[in-house]
file coords00.tsv (TSV, C-alpha atoms)
chain	number	residue	atom	x	y	z
A	1	MET	CA	111.08	74.66	102.73
A	2	PRO	CA	110.11	73.05	106.05
A	3	ALA	CA	106.93	70.99	105.81
A	4	SER	CA	105.30	72.93	108.60
A	5	LEU	CA	105.54	76.13	106.59
A	6	SER	CA	102.55	75.06	104.54
A	7	THR	CA	100.46	75.20	107.71
A	8	VAL	CA	101.34	78.83	108.37
A	9	VAL	CA	98.41	80.79	107.00
A	10	ALA	CA	96.79	84.02	107.98
A	11	PRO	CA	93.90	83.54	110.35
A	12	PRO	CA	90.58	84.97	109.16
A	13	GLY	CA	90.51	88.73	109.58
A	14	VAL	CA	94.26	88.98	109.98
A	15	GLY	CA	96.99	89.03	107.42
A	16	PHE	CA	97.58	92.44	105.93
A	17	ALA	CA	97.68	96.04	106.91
A	18	GLY	CA	94.23	97.58	107.02
A	19	ALA	CA	90.89	96.55	108.40
A	20	VAL	CA	89.75	94.29	105.55
A	21	ALA	CA	90.63	90.60	105.52
A	22	ALA	CA	92.27	89.22	102.38
A	23	PRO	CA	90.40	86.33	100.76
A	24	PRO	CA	92.16	82.99	101.40
A	25	GLY	CA	95.07	82.40	99.04
A	26	VAL	CA	95.23	86.03	97.90
A	27	SER	CA	98.12	88.35	98.76
A	28	PHE	CA	97.33	91.95	99.65
A	29	ALA	CA	100.98	92.74	100.36
A	30	ASP	CA	102.35	96.22	99.83
A	31	TRP	CA	105.90	97.58	99.66
A	32	ARG	CA	106.22	97.78	103.45
A	33	ASP	CA	105.89	94.00	103.70
A	34	TYR	CA	108.68	93.49	101.16
A	35	TYR	CA	110.79	96.04	103.01
A	36	ALA	CA	110.24	94.21	106.33
A	37	LEU	CA	111.24	90.97	104.60
A	38	MET	CA	114.71	92.44	104.04
A	39	LYS	CA	115.38	92.82	107.81
A	40	PRO	CA	116.28	96.53	107.56
A	41	ARG	CA	117.83	96.73	111.04
A	42	VAL	CA	120.30	93.93	110.30
A	43	MET	CA	120.94	95.55	106.93
A	44	SER	CA	122.01	98.83	108.57
A	45	LEU	CA	124.79	97.09	110.53
A	46	VAL	CA	125.98	95.24	107.43
A	47	VAL	CA	125.98	98.42	105.35
A	48	PHE	CA	127.84	100.34	108.04
A	49	SER	CA	130.64	97.77	108.43
A	50	SER	CA	131.15	97.42	104.68
A	51	ALA	CA	131.09	101.21	104.19
A	52	CYS	CA	133.72	101.63	106.91
A	53	ALA	CA	135.98	99.05	105.22
A	54	LEU	CA	135.42	100.72	101.86
A	55	TRP	CA	136.40	104.07	103.35
A	56	THR	CA	139.42	102.65	105.19
A	57	ALA	CA	140.84	100.69	102.25
A	58	PRO	CA	143.84	102.20	100.48
A	59	GLY	CA	143.30	103.27	96.91
A	60	HIS	CA	140.57	105.06	95.04
A	61	ILE	CA	137.09	104.19	93.88
A	62	ASN	CA	134.71	106.33	91.87
A	63	PRO	CA	132.18	107.76	94.40
A	64	PHE	CA	129.24	106.53	92.32
A	65	LEU	CA	130.69	103.02	92.13
A	66	ALA	CA	131.28	103.17	95.91
A	67	PHE	CA	127.57	103.96	96.27
A	68	VAL	CA	126.72	101.04	93.97
A	69	ALA	CA	128.94	98.71	96.02
A	70	ILE	CA	127.22	99.70	99.28
A	71	LEU	CA	123.82	99.39	97.60
A	72	CYS	CA	124.67	95.88	96.41
A	73	VAL	CA	125.77	94.88	99.91
A	74	ALA	CA	122.50	96.26	101.32
A	75	VAL	CA	120.38	94.47	98.71
A	76	GLY	CA	122.39	91.26	99.13
A	77	ALA	CA	121.83	91.41	102.90
A	78	GLY	CA	118.14	92.04	102.23
A	79	ALA	CA	118.04	88.99	99.96
A	80	ALA	CA	119.61	86.84	102.66
A	81	GLY	CA	117.07	88.19	105.17
A	82	ALA	CA	114.16	87.44	102.82
A	83	LEU	CA	115.35	83.88	102.15
A	84	ASN	CA	115.92	83.38	105.88
A	85	GLN	CA	112.35	84.48	106.63
A	86	TRP	CA	111.04	82.26	103.82
A	87	TYR	CA	112.70	79.21	105.37
A	88	GLU	CA	111.98	80.09	109.00
A	89	ALA	CA	108.32	81.13	108.79
A	90	ASP	CA	107.30	78.18	110.97
A	91	ILE	CA	109.75	79.21	113.73
A	92	ASP	CA	108.86	82.90	113.39
A	93	ALA	CA	105.17	82.09	113.86
A	94	VAL	CA	105.74	80.79	117.41
A	95	MET	CA	108.25	83.38	118.65
A	96	LYS	CA	106.90	86.64	120.12
A	97	ARG	CA	109.75	88.66	118.63
A	98	THR	CA	109.01	87.51	115.06
A	99	MET	CA	105.34	86.46	114.91
A	100	ASN	CA	104.28	89.75	113.27
A	101	ARG	CA	106.60	89.34	110.29
A	102	PRO	CA	104.95	89.31	106.82
A	103	LEU	CA	105.07	85.52	106.31
A	104	PRO	CA	103.73	84.27	109.67
A	105	THR	CA	100.88	86.78	109.49
A	106	GLY	CA	100.06	85.78	105.91
A	107	ARG	CA	100.60	89.23	104.41
A	108	LEU	CA	103.03	87.57	101.99
A	109	THR	CA	102.98	84.06	100.59
A	110	ALA	CA	106.02	81.76	100.77
A	111	GLY	CA	106.33	81.85	96.97
A	112	GLU	CA	106.42	85.64	96.87
A	113	ALA	CA	109.12	85.76	99.56
A	114	LEU	CA	111.23	83.11	97.80
A	115	ALA	CA	110.99	84.84	94.41
A	116	PHE	CA	111.79	88.20	95.99
A	117	GLY	CA	114.84	86.82	97.83
A	118	ILE	CA	116.27	85.01	94.80
A	119	THR	CA	115.74	88.04	92.53
A	120	LEU	CA	117.52	90.36	94.95
A	121	ALA	CA	120.38	87.89	95.51
A	122	VAL	CA	121.06	87.32	91.80
A	123	GLY	CA	120.58	91.01	90.98
A	124	SER	CA	122.90	92.30	93.72
A	125	VAL	CA	125.71	89.86	92.85
A	126	ALA	CA	125.41	90.53	89.10
A	127	VAL	CA	125.44	94.32	89.48
A	128	MET	CA	128.33	94.13	91.96
A	129	GLY	CA	130.35	92.02	89.52
A	130	LEU	CA	129.63	94.11	86.43
A	131	ALA	CA	129.92	97.54	88.06
A	132	VAL	CA	132.49	97.13	90.84
A	133	GLY	CA	134.48	93.89	90.57
A	134	TRP	CA	134.11	90.14	90.56
A	135	LEU	CA	136.05	89.48	93.78
A	136	ALA	CA	133.61	91.69	95.70
A	137	ALA	CA	130.73	89.96	93.89
A	138	LEU	CA	132.13	86.51	94.75
A	139	ILE	CA	132.41	87.38	98.46
A	140	LEU	CA	128.88	88.83	98.39
A	141	ALA	CA	127.56	85.61	96.82
A	142	VAL	CA	129.41	83.49	99.40
A	143	SER	CA	128.04	85.60	102.27
A	144	ILE	CA	124.43	85.23	101.02
A	145	LEU	CA	124.85	81.47	100.50
A	146	PHE	CA	126.58	81.10	103.87
A	147	TYR	CA	123.74	82.85	105.69
A	148	VAL	CA	120.97	81.02	103.87
A	149	VAL	CA	122.42	77.53	103.39
A	150	ILE	CA	125.03	77.05	106.14
A	151	TYR	CA	123.34	79.04	108.92
A	152	THR	CA	119.58	79.04	108.21
A	153	VAL	CA	119.09	75.64	106.58
A	154	TRP	CA	121.91	73.56	108.03
A	155	LEU	CA	123.04	74.82	111.45
A	156	LYS	CA	120.28	76.82	113.12
A	157	ARG	CA	117.97	73.93	113.93
A	158	ARG	CA	120.74	71.37	114.55
A	159	THR	CA	123.46	72.71	116.82
A	160	PRO	CA	123.92	75.18	119.68
A	161	GLN	CA	127.05	76.34	117.82
A	162	ASN	CA	124.75	77.72	115.10
A	163	ILE	CA	125.49	81.31	115.93
A	164	VAL	CA	129.26	80.76	116.19
A	165	ILE	CA	129.74	79.32	112.71
A	166	GLY	CA	126.80	81.21	111.23
A	167	GLY	CA	128.25	84.42	112.59
A	168	ALA	CA	130.76	84.34	109.77
A	169	ALA	CA	127.96	85.33	107.39
A	170	GLY	CA	127.62	88.70	109.09
A	171	ALA	CA	131.40	89.14	109.11
A	172	PHE	CA	131.83	89.16	105.32
A	173	PRO	CA	130.72	92.78	104.59
A	174	PRO	CA	134.08	94.42	105.50
A	175	LEU	CA	135.81	92.02	103.08
A	176	ILE	CA	133.36	93.09	100.36
A	177	GLY	CA	133.89	96.79	101.02
A	178	TRP	CA	137.67	96.38	100.99
A	179	ALA	CA	137.67	94.21	97.86
A	180	ALA	CA	135.47	96.76	96.07
A	181	VAL	CA	138.29	99.34	96.37
A	182	THR	CA	141.47	97.30	96.20
A	183	GLY	CA	140.47	94.17	94.30
A	184	ASP	CA	142.08	92.01	97.00
A	185	VAL	CA	141.75	91.19	100.70
A	186	THR	CA	144.66	91.84	103.10
A	187	THR	CA	145.29	91.56	106.86
A	188	LEU	CA	143.18	94.49	108.10
A	189	PRO	CA	139.90	93.39	106.46
A	190	TRP	CA	140.46	89.87	107.80
A	191	LEU	CA	140.88	91.38	111.29
A	192	MET	CA	137.61	93.29	110.76
A	193	PHE	CA	136.07	89.94	109.80
A	194	ALA	CA	137.46	88.40	113.00
A	195	ILE	CA	136.09	91.24	115.15
A	196	ILE	CA	132.52	90.71	113.87
A	197	PHE	CA	132.96	86.92	114.02
A	198	LEU	CA	133.96	87.03	117.71
A	199	TRP	CA	131.40	89.74	118.52
A	200	THR	CA	128.45	87.70	117.22
A	201	PRO	CA	128.26	84.91	119.88
A	202	PRO	CA	128.22	87.19	122.98
A	203	HIS	CA	125.76	89.52	121.20
A	204	PHE	CA	123.26	86.77	120.31
A	205	TRP	CA	123.77	84.66	123.44
A	206	ALA	CA	123.03	87.70	125.63
A	207	LEU	CA	119.74	88.01	123.69
A	208	ALA	CA	119.14	84.25	123.85
A	209	LEU	CA	119.56	84.26	127.65
A	210	PHE	CA	116.64	86.61	128.27
A	211	MET	CA	114.62	85.22	125.32
A	212	GLU	CA	115.36	81.58	126.20
A	213	ALA	CA	111.69	80.63	126.62
A	214	ASP	CA	110.93	81.85	123.09
A	215	TYR	CA	113.78	79.83	121.55
A	216	ALA	CA	112.82	76.74	123.57
A	217	ALA	CA	109.19	77.02	122.43
A	218	ALA	CA	110.34	77.26	118.80
A	219	GLY	CA	112.68	74.28	119.20
A	220	VAL	CA	115.79	76.27	118.24
A	221	PRO	CA	118.84	74.77	120.00
A	222	MET	CA	120.39	78.02	121.17
A	223	LEU	CA	123.11	77.53	123.80
A	224	PRO	CA	120.96	78.65	126.80
A	225	VAL	CA	118.33	76.09	125.75
A	226	THR	CA	120.71	73.15	125.32
A	227	ALA	CA	123.53	73.88	127.80
A	228	GLY	CA	121.85	76.19	130.32
A	229	ALA	CA	122.45	79.76	131.46
A	230	ARG	CA	125.68	79.04	133.38
A	231	ALA	CA	127.52	77.47	130.44
A	232	THR	CA	126.30	80.28	128.16
A	233	ARG	CA	127.62	82.94	130.54
A	234	VAL	CA	131.04	81.23	130.62
A	235	GLN	CA	131.11	81.18	126.81
A	236	ILE	CA	130.08	84.86	126.63
A	237	LEU	CA	132.99	85.83	128.87
A	238	GLY	CA	135.42	83.71	126.83
A	239	TYR	CA	134.35	85.29	123.55
A	240	ALA	CA	134.44	88.77	125.10
A	241	LEU	CA	138.08	88.23	126.14
A	242	ALA	CA	139.00	86.88	122.70
A	243	LEU	CA	137.24	89.85	121.09
A	244	ALA	CA	139.18	92.26	123.31
A	245	VAL	CA	142.50	90.76	122.18
A	246	VAL	CA	141.63	90.60	118.48
A	247	SER	CA	140.17	94.12	118.46
A	248	LEU	CA	143.60	95.45	119.53
A	249	LEU	CA	145.54	93.56	116.84
A	250	PRO	CA	145.04	96.18	114.07
A	251	TRP	CA	146.79	98.71	116.32
A	252	ALA	CA	149.37	96.24	117.70
A	253	LEU	CA	150.36	95.23	114.16
A	254	GLY	CA	150.78	98.86	113.13
A	255	LEU	CA	147.86	98.79	110.70
A	256	THR	CA	146.04	101.62	112.49
A	257	GLY	CA	147.00	104.59	114.64
A	258	TRP	CA	146.36	105.82	118.18
A	259	VAL	CA	142.77	106.90	117.56
A	260	TYR	CA	141.71	103.34	116.80
A	261	GLY	CA	144.03	101.87	119.47
A	262	THR	CA	142.70	103.97	122.36
A	263	THR	CA	139.06	103.60	121.23
A	264	ALA	CA	139.38	99.82	120.85
A	265	ALA	CA	141.07	99.52	124.25
A	266	GLY	CA	138.36	101.59	125.98
A	267	LEU	CA	135.56	99.66	124.28
A	268	ALA	CA	137.24	96.34	125.10
A	269	VAL	CA	137.40	97.23	128.80
A	270	ILE	CA	133.68	98.12	128.84
A	271	PHE	CA	132.72	95.02	126.84
A	272	VAL	CA	134.66	92.68	129.14
A	273	ALA	CA	133.26	94.45	132.22
A	274	GLN	CA	129.72	93.91	130.89
A	275	ALA	CA	130.54	90.25	130.15
A	276	VAL	CA	131.89	89.81	133.70
A	277	ALA	CA	128.62	91.27	135.05
A	278	VAL	CA	126.74	88.69	132.95
A	279	PHE	CA	129.10	85.93	134.17
A	280	ARG	CA	128.39	86.85	137.80
A	281	ASN	CA	124.63	87.12	137.37
A	282	PRO	CA	122.91	83.98	138.74
A	283	ALA	CA	119.46	84.99	137.44
A	284	THR	CA	117.29	82.45	135.66
A	285	THR	CA	114.31	84.67	134.88
A	286	ALA	CA	114.27	87.21	132.06
A	287	ALA	CA	113.16	90.00	134.40
A	288	ALA	CA	116.33	89.62	136.50
A	289	MET	CA	118.67	89.55	133.50
A	290	GLN	CA	119.52	93.24	133.43
A	291	PRO	CA	123.27	92.64	132.82
A	292	GLU	CA	122.38	90.49	129.78
A	293	LYS	CA	120.09	93.22	128.40
A	294	ARG	CA	122.78	95.84	129.01
A	295	LEU	CA	125.41	93.71	127.22
A	296	PHE	CA	123.07	93.13	124.26
A	297	LYS	CA	122.43	96.88	123.87
A	298	PHE	CA	126.07	97.82	124.41
A	299	SER	CA	127.29	95.22	121.90
A	300	LEU	CA	125.36	97.04	119.15
A	301	LEU	CA	126.95	100.34	120.13
A	302	TYR	CA	130.35	98.62	120.39
A	303	LEU	CA	130.33	97.48	116.78
A	304	PHE	CA	129.28	100.88	115.47
A	305	LEU	CA	131.93	102.67	117.54
A	306	ILE	CA	134.84	100.35	116.75
A	307	PHE	CA	134.23	100.57	112.99
A	308	ALA	CA	133.68	104.32	113.22
A	309	ALA	CA	137.04	104.52	115.04
A	310	LEU	CA	138.70	102.76	112.09
A	311	VAL	CA	137.38	105.45	109.73
A	312	VAL	CA	138.28	108.36	112.02
A	313	ASP	CA	141.75	106.87	112.52
A	314	HIS	CA	142.17	106.55	108.76
A	315	LEU	CA	141.13	110.19	108.29
A	316	VAL	CA	143.48	111.38	111.06
A	317	LEU	CA	146.40	109.41	109.62
A	318	ALA	CA	145.63	110.73	106.14
B	1	MET	CA	90.40	80.23	96.71
B	2	ILE	CA	87.52	82.70	96.36
B	3	GLU	CA	87.12	84.18	92.87
B	4	PRO	CA	87.52	87.98	92.61
B	5	ARG	CA	83.87	88.32	91.53
B	6	ASP	CA	82.88	86.86	94.90
B	7	TRP	CA	84.94	89.30	96.97
B	8	THR	CA	83.18	91.86	99.12
B	9	PRO	CA	83.34	95.51	97.92
B	10	ALA	CA	85.69	96.27	100.79
B	11	GLN	CA	88.04	93.45	99.75
B	12	THR	CA	87.99	94.63	96.13
B	13	ASP	CA	88.77	98.21	97.23
B	14	ALA	CA	91.61	97.01	99.46
B	15	PHE	CA	93.03	94.83	96.69
B	16	MET	CA	92.91	97.70	94.14
B	17	ARG	CA	94.60	100.05	96.62
B	18	LYS	CA	97.39	97.59	97.40
B	19	ARG	CA	97.87	96.77	93.71
B	20	ARG	CA	98.17	100.47	92.85
B	21	ALA	CA	100.78	100.93	95.60
B	22	ARG	CA	102.71	97.86	94.37
B	23	ASN	CA	102.63	99.10	90.77
B	24	LEU	CA	103.88	102.51	91.84
B	25	ALA	CA	106.71	100.90	93.84
B	26	ILE	CA	107.71	98.70	90.87
B	27	GLY	CA	107.66	101.75	88.59
B	28	LEU	CA	109.91	103.67	90.96
B	29	VAL	CA	112.32	100.73	91.25
B	30	LEU	CA	112.52	100.38	87.45
B	31	GLY	CA	113.15	104.12	87.10
B	32	PHE	CA	115.85	103.92	89.77
B	33	LEU	CA	117.49	100.98	87.99
B	34	ALA	CA	117.54	102.93	84.70
B	35	VAL	CA	119.31	105.83	86.45
B	36	LEU	CA	121.63	103.39	88.25
B	37	PHE	CA	122.74	101.61	85.07
B	38	PHE	CA	123.23	104.93	83.29
B	39	GLY	CA	125.32	106.16	86.23
B	40	ILE	CA	127.39	102.95	86.24
B	41	THR	CA	128.04	103.30	82.52
B	42	VAL	CA	129.21	106.89	82.92
B	43	ALA	CA	131.29	106.08	86.02
B	44	ARG	CA	133.04	103.21	84.23
B	45	MET	CA	133.90	105.48	81.31
B	46	VAL	CA	135.24	108.47	83.25
B	47	LYS	CA	137.82	108.68	86.05
B	48	LEU	CA	136.89	110.81	89.05
call {"tool": "encode", "arguments": {"input": "coords00.tsv", "output": "C-alpha cells"}}
result
Amino acid sequence: MPASLSTVVAPPGVGFAGAVAAPPGVSFADWRDYYALMKPRVMSLVVFSSACALWTAPGHINPFLAFVAILCVAVGAGAAGALNQWYEADIDAVMKRTMNRPLPTGRLTAGEALAFGITLAVGSVAVMGLAVGWLAALILAVSILFYVVIYTVWLKRRTPQNIVIGGAAGAFPPLIGWAAVTGDVTTLPWLMFAIIFLWTPPHFWALALFMEADYAAAGVPMLPVTAGARATRVQILGYALALAVVSLLPWALGLTGWVYGTTAAGLAVIFVAQAVAVFRNPATTAAAMQPEKRLFKFSLLYLFLIFAALVVDHLVLA
Amino acid sequence: MIEPRDWTPAQTDAFMRKRRARNLAIGLVLGFLAVLFFGITVARMVKL
C-alpha cells in the first residue's frame, strides 16, 4: 500500500451516501460501495469477451457450468478492480474522473477494500477450478495477478509503457472462456488475446490525451505526459494499423468465415480512419480534441462489434 | 475514534440502516452461493 494512502480520509461531513457524516474511523459503507469497487463497466467488457470466446470455442459445456465460468470471470475482474482501487486510492483522490470512488471519499476503508478484493480473487479462482477446470482457473489467477502486481503495483507509476504491457491483463478473458470449454488454448483464442492487447494502447492513449492534465496532476507517467501529444498520436496510429492487420488474421488463416472477415475489415477501416484523424489533429487543449474523444468512444464499440462478429460468424458457419 | 455511545442519534440511525442493508446483502450472497454450489454439483453429475 502506498504510504500516502493513509492520508486519504473522508473530510468531515463527506464520506458515505446520505446526509449524515460517519464518525471518524467508522465505515458506513453499503452494497453499492462494494459494487463500485468492482469497476462494473470494465467488468462488462471482460465478461463479454470471455463469453464470446466461450460461445465460439468448439466442443460442449454444460450451460450451468458456462454460467459459472462467466460468473467467475466477472468476479475475478471485480477482484482485480477492487485491489487496483485499494492500491491507487491516493491517485484516485486527485483525479476528477476517480475522486468520487468509495476509497478516496472514505465510504470504505483500505482494509475493507483489501479484504473484499482478496476474498473475491481466491473465491473466483477456486470455484472456477473446482467447477469448470484448472487451466481456466490458472489463466484467471494469472490475469488477476498480472493486473494487480504487474500493471497496478509495478508498471503504472514507473513507465509510459504501462498500458502496453498492462493491457495484457485485459486480454486474458477470451483465453479463459475458450479454456473453460476445450481445456486448452489454440490459435484463435490467442488471436483474440492479440486483438485486445493491440486495442488497449490506442483506446487508453486517446483518453489520456484529453485527460492529460489529470494524469499529470496525479503523477502517472502516461505517454502524453512523458512524451507529449505528438509522439502519442504517432503511437496510436501505429497500434491502429497493427490492430487492423491482426484483426484480419482469424479470417486470413481460415479460422473464421466471411461474416467475421467483412465485419473486421469494415471496423478496421473505420478504426484506422479515426486514428488518422487523431494523428492529424494538432490540438493541445482537451476542448479541441474531438477526434481523440471520437476514437475513444468508437474503440469501445469496436471491441463489442468485433467479438460479436466472431459469435455471429460461428453461428452462421454452424 | 468516537465510541458508538457518543454518536448523534442521526449517526446511530444511519449506521443501523447501513448495517441492515449490508446484512441483507450478505444473506442474499450466501443464499446465492448455496444455490450455485448445488447447481454445480448437479451439473457435474449429469450431462446436458
call {"tool": "closest_residue", "arguments": {"input": "coords00.tsv", "among": "A:Trp31, A:Phe197, A:Trp258, A:Trp190", "to": "Arg107 of chain A", "atoms": "all atoms listed in the file"}}
result
A:Trp31
call {"tool": "residues_near_point", "arguments": {"input": "coords00.tsv", "point": "(121.7, 93.7, 131.3)", "cutoff": "12 Å", "atoms": "all atoms listed in the file", "output": "MDAnalysis selection string"}}
result
chainID A and resid 203 206:207 209:210 271 273:281 283 286:299
call {"tool": "write_last_selection", "arguments": {"input": "coords00.tsv", "atoms": "C-alpha atoms", "output": "CSV table (one decimal), in the frame of the given file"}}
result
chain,number,residue,atom,x,y,z
A,203,HIS,CA,125.8,89.5,121.2
A,206,ALA,CA,123.0,87.7,125.6
A,207,LEU,CA,119.7,88.0,123.7
A,209,LEU,CA,119.6,84.3,127.6
A,210,PHE,CA,116.6,86.6,128.3
A,271,PHE,CA,132.7,95.0,126.8
A,273,ALA,CA,133.3,94.4,132.2
A,274,GLN,CA,129.7,93.9,130.9
A,275,ALA,CA,130.5,90.2,130.2
A,276,VAL,CA,131.9,89.8,133.7
A,277,ALA,CA,128.6,91.3,135.0
A,278,VAL,CA,126.7,88.7,133.0
A,279,PHE,CA,129.1,85.9,134.2
A,280,ARG,CA,128.4,86.8,137.8
A,281,ASN,CA,124.6,87.1,137.4
A,283,ALA,CA,119.5,85.0,137.4
A,286,ALA,CA,114.3,87.2,132.1
A,287,ALA,CA,113.2,90.0,134.4
A,288,ALA,CA,116.3,89.6,136.5
A,289,MET,CA,118.7,89.6,133.5
A,290,GLN,CA,119.5,93.2,133.4
A,291,PRO,CA,123.3,92.6,132.8
A,292,GLU,CA,122.4,90.5,129.8
A,293,LYS,CA,120.1,93.2,128.4
A,294,ARG,CA,122.8,95.8,129.0
A,295,LEU,CA,125.4,93.7,127.2
A,296,PHE,CA,123.1,93.1,124.3
A,297,LYS,CA,122.4,96.9,123.9
A,298,PHE,CA,126.1,97.8,124.4
A,299,SER,CA,127.3,95.2,121.9
call {"tool": "closest_atom_pairs", "arguments": {"input": "coords00.tsv", "of": "chain B", "to": "chain A", "cutoff": "9 Å", "atoms": "only C-alpha atoms", "output": "JSON lines"}}
result
{"residue": "B:Met1", "atom": "CA", "partner": "A:Gly25", "partner_atom": "CA", "distance": 5.7}
{"residue": "B:Ile2", "atom": "CA", "partner": "A:Pro23", "partner_atom": "CA", "distance": 6.4}
{"residue": "B:Glu3", "atom": "CA", "partner": "A:Pro23", "partner_atom": "CA", "distance": 8.8}
{"residue": "B:Pro4", "atom": "CA", "partner": "A:Pro23", "partner_atom": "CA", "distance": 8.8}
{"residue": "B:Trp7", "atom": "CA", "partner": "A:Pro23", "partner_atom": "CA", "distance": 7.3}
{"residue": "B:Ala10", "atom": "CA", "partner": "A:Val20", "partner_atom": "CA", "distance": 6.6}
{"residue": "B:Gln11", "atom": "CA", "partner": "A:Val20", "partner_atom": "CA", "distance": 6.1}
{"residue": "B:Ala14", "atom": "CA", "partner": "A:Val20", "partner_atom": "CA", "distance": 6.9}
{"residue": "B:Phe15", "atom": "CA", "partner": "A:Phe28", "partner_atom": "CA", "distance": 6.0}
{"residue": "B:Lys18", "atom": "CA", "partner": "A:Asp30", "partner_atom": "CA", "distance": 5.7}
{"residue": "B:Arg19", "atom": "CA", "partner": "A:Asp30", "partner_atom": "CA", "distance": 7.6}
{"residue": "B:Ala21", "atom": "CA", "partner": "A:Asp30", "partner_atom": "CA", "distance": 6.5}
{"residue": "B:Arg22", "atom": "CA", "partner": "A:Asp30", "partner_atom": "CA", "distance": 5.7}
{"residue": "B:Ala25", "atom": "CA", "partner": "A:Trp31", "partner_atom": "CA", "distance": 6.7}
{"residue": "B:Leu36", "atom": "CA", "partner": "A:Val68", "partner_atom": "CA", "distance": 8.0}
{"residue": "B:Phe37", "atom": "CA", "partner": "A:Ala131", "partner_atom": "CA", "distance": 8.8}
{"residue": "B:Gly39", "atom": "CA", "partner": "A:Phe64", "partner_atom": "CA", "distance": 7.3}
{"residue": "B:Ile40", "atom": "CA", "partner": "A:Ala131", "partner_atom": "CA", "distance": 6.2}
{"residue": "B:Thr41", "atom": "CA", "partner": "A:Ala131", "partner_atom": "CA", "distance": 8.2}
{"residue": "B:Ala43", "atom": "CA", "partner": "A:Phe64", "partner_atom": "CA", "distance": 6.6}
{"residue": "B:Arg44", "atom": "CA", "partner": "A:Ala131", "partner_atom": "CA", "distance": 7.5}
{"residue": "B:Val46", "atom": "CA", "partner": "A:Asn62", "partner_atom": "CA", "distance": 8.9}
{"residue": "B:Lys47", "atom": "CA", "partner": "A:Asn62", "partner_atom": "CA", "distance": 7.0}
{"residue": "B:Leu48", "atom": "CA", "partner": "A:Asn62", "partner_atom": "CA", "distance": 5.7}
call {"tool": "atom_distance", "arguments": {"input": "coords00.tsv", "atom1": "atom CA of Trp154 of chain A", "atom2": "atom CA of Ile91 of chain A"}}
result
14.6 Å
call {"tool": "atom_distance", "arguments": {"input": "coords00.tsv", "atom1": "atom CA of Arg41 of chain A", "atom2": "atom CA of Ala227 of chain A"}}
result
28.9 Å
call {"tool": "atom_distance", "arguments": {"input": "coords00.tsv", "atom1": "atom CA of Trp251 of chain A", "atom2": "atom CA of Ile236 of chain A"}}
result
24.0 Å
call {"tool": "closest_residue", "arguments": {"input": "coords00.tsv", "among": "A:Ala240, A:Ala53, A:Ala115, A:Val234", "to": "Ile270 of chain A", "atoms": "all atoms listed in the file"}}
result
A:Ala240
call {"tool": "closest_residue", "arguments": {"input": "coords00.tsv", "among": "A:Asp33, A:Tyr87, A:Trp205, A:Ala80", "to": "Thr105 of chain A", "atoms": "only C-alpha atoms"}}
result
A:Asp33
call {"tool": "closest_residue", "arguments": {"input": "coords00.tsv", "among": "A:Tyr215, A:Asp92, A:Ala194, A:Asn84", "to": "Leu249 of chain A", "atoms": "all atoms listed in the file"}}
result
A:Ala194
call {"tool": "residues_around", "arguments": {"input": "coords00.tsv", "residues": "Leu248 of chain A", "least_positions_apart": "5", "cutoff": "12 Å", "atoms": "only C-alpha atoms", "output": "short mmCIF file (atom, residue, chain, number, x, y, z; two decimals) with C-alpha atoms, keeping the file's coordinate frame"}}
result
data_model
loop_
_atom_site.label_atom_id
_atom_site.label_comp_id
_atom_site.auth_asym_id
_atom_site.auth_seq_id
_atom_site.Cartn_x
_atom_site.Cartn_y
_atom_site.Cartn_z
CA LEU A 188 143.18 94.49 108.10
CA LEU A 191 140.88 91.38 111.29
CA MET A 192 137.61 93.29 110.76
CA ALA A 194 137.46 88.40 113.00
CA ILE A 195 136.09 91.24 115.15
CA LEU A 241 138.08 88.23 126.14
CA ALA A 242 139.00 86.88 122.70
CA LEU A 243 137.24 89.85 121.09
CA LEU A 253 150.36 95.23 114.16
CA GLY A 254 150.78 98.86 113.13
CA LEU A 255 147.86 98.79 110.70
CA THR A 256 146.04 101.62 112.49
CA GLY A 257 147.00 104.59 114.64
CA TRP A 258 146.36 105.82 118.18
CA VAL A 259 142.77 106.90 117.56
CA TYR A 260 141.71 103.34 116.80
CA GLY A 261 144.03 101.87 119.47
CA THR A 262 142.70 103.97 122.36
CA THR A 263 139.06 103.60 121.23
CA ALA A 264 139.38 99.82 120.85
CA ALA A 265 141.07 99.52 124.25
CA GLY A 266 138.36 101.59 125.98
CA LEU A 267 135.56 99.66 124.28
CA ALA A 268 137.24 96.34 125.10
CA VAL A 269 137.40 97.23 128.80
CA ILE A 306 134.84 100.35 116.75
CA LEU A 310 138.70 102.76 112.09
#
call {"tool": "residues_around", "arguments": {"input": "coords00.tsv", "residues": "segment 180-186 of chain A", "least_positions_apart": "5", "cutoff": "9 Å", "atoms": "all atoms listed in the file", "output": "number ranges by chain"}}
result
A: 54-55, 57-61, 65-66, 69, 128, 132-137, 175
call {"tool": "closest_residue", "arguments": {"input": "coords00.tsv", "among": "A:Thr56, A:Val272, A:Ala244, A:Arg157", "to": "Pro221 of chain A", "atoms": "all atoms listed in the file"}}
result
A:Arg157
call {"tool": "build_atoms", "arguments": {"input": "coords00.tsv", "residues": "segment 107-113 of chain A", "atoms": "N, CA and C atoms", "output": "compact mmCIF listing (two decimals), in the frame of the given file"}}
result
# COMPACT_ATOMS: atom_id res chain seq x y z
N ARG A 107 100.65 88.07 105.31
CA ARG A 107 100.60 89.23 104.41
C ARG A 107 101.33 88.93 103.11
N LEU A 108 102.31 88.03 103.19
CA LEU A 108 103.03 87.57 101.99
C LEU A 108 102.95 86.06 101.92
N THR A 109 102.95 85.51 100.72
CA THR A 109 102.98 84.06 100.59
C THR A 109 104.44 83.59 100.53
N ALA A 110 104.66 82.31 100.80
CA ALA A 110 106.02 81.76 100.77
C ALA A 110 106.64 81.93 99.38
N GLY A 111 105.84 81.72 98.34
CA GLY A 111 106.33 81.85 96.97
C GLY A 111 106.80 83.26 96.65
N GLU A 112 106.03 84.24 97.11
CA GLU A 112 106.42 85.64 96.87
C GLU A 112 107.73 85.96 97.57
N ALA A 113 107.89 85.49 98.81
CA ALA A 113 109.12 85.76 99.56
C ALA A 113 110.32 85.09 98.90
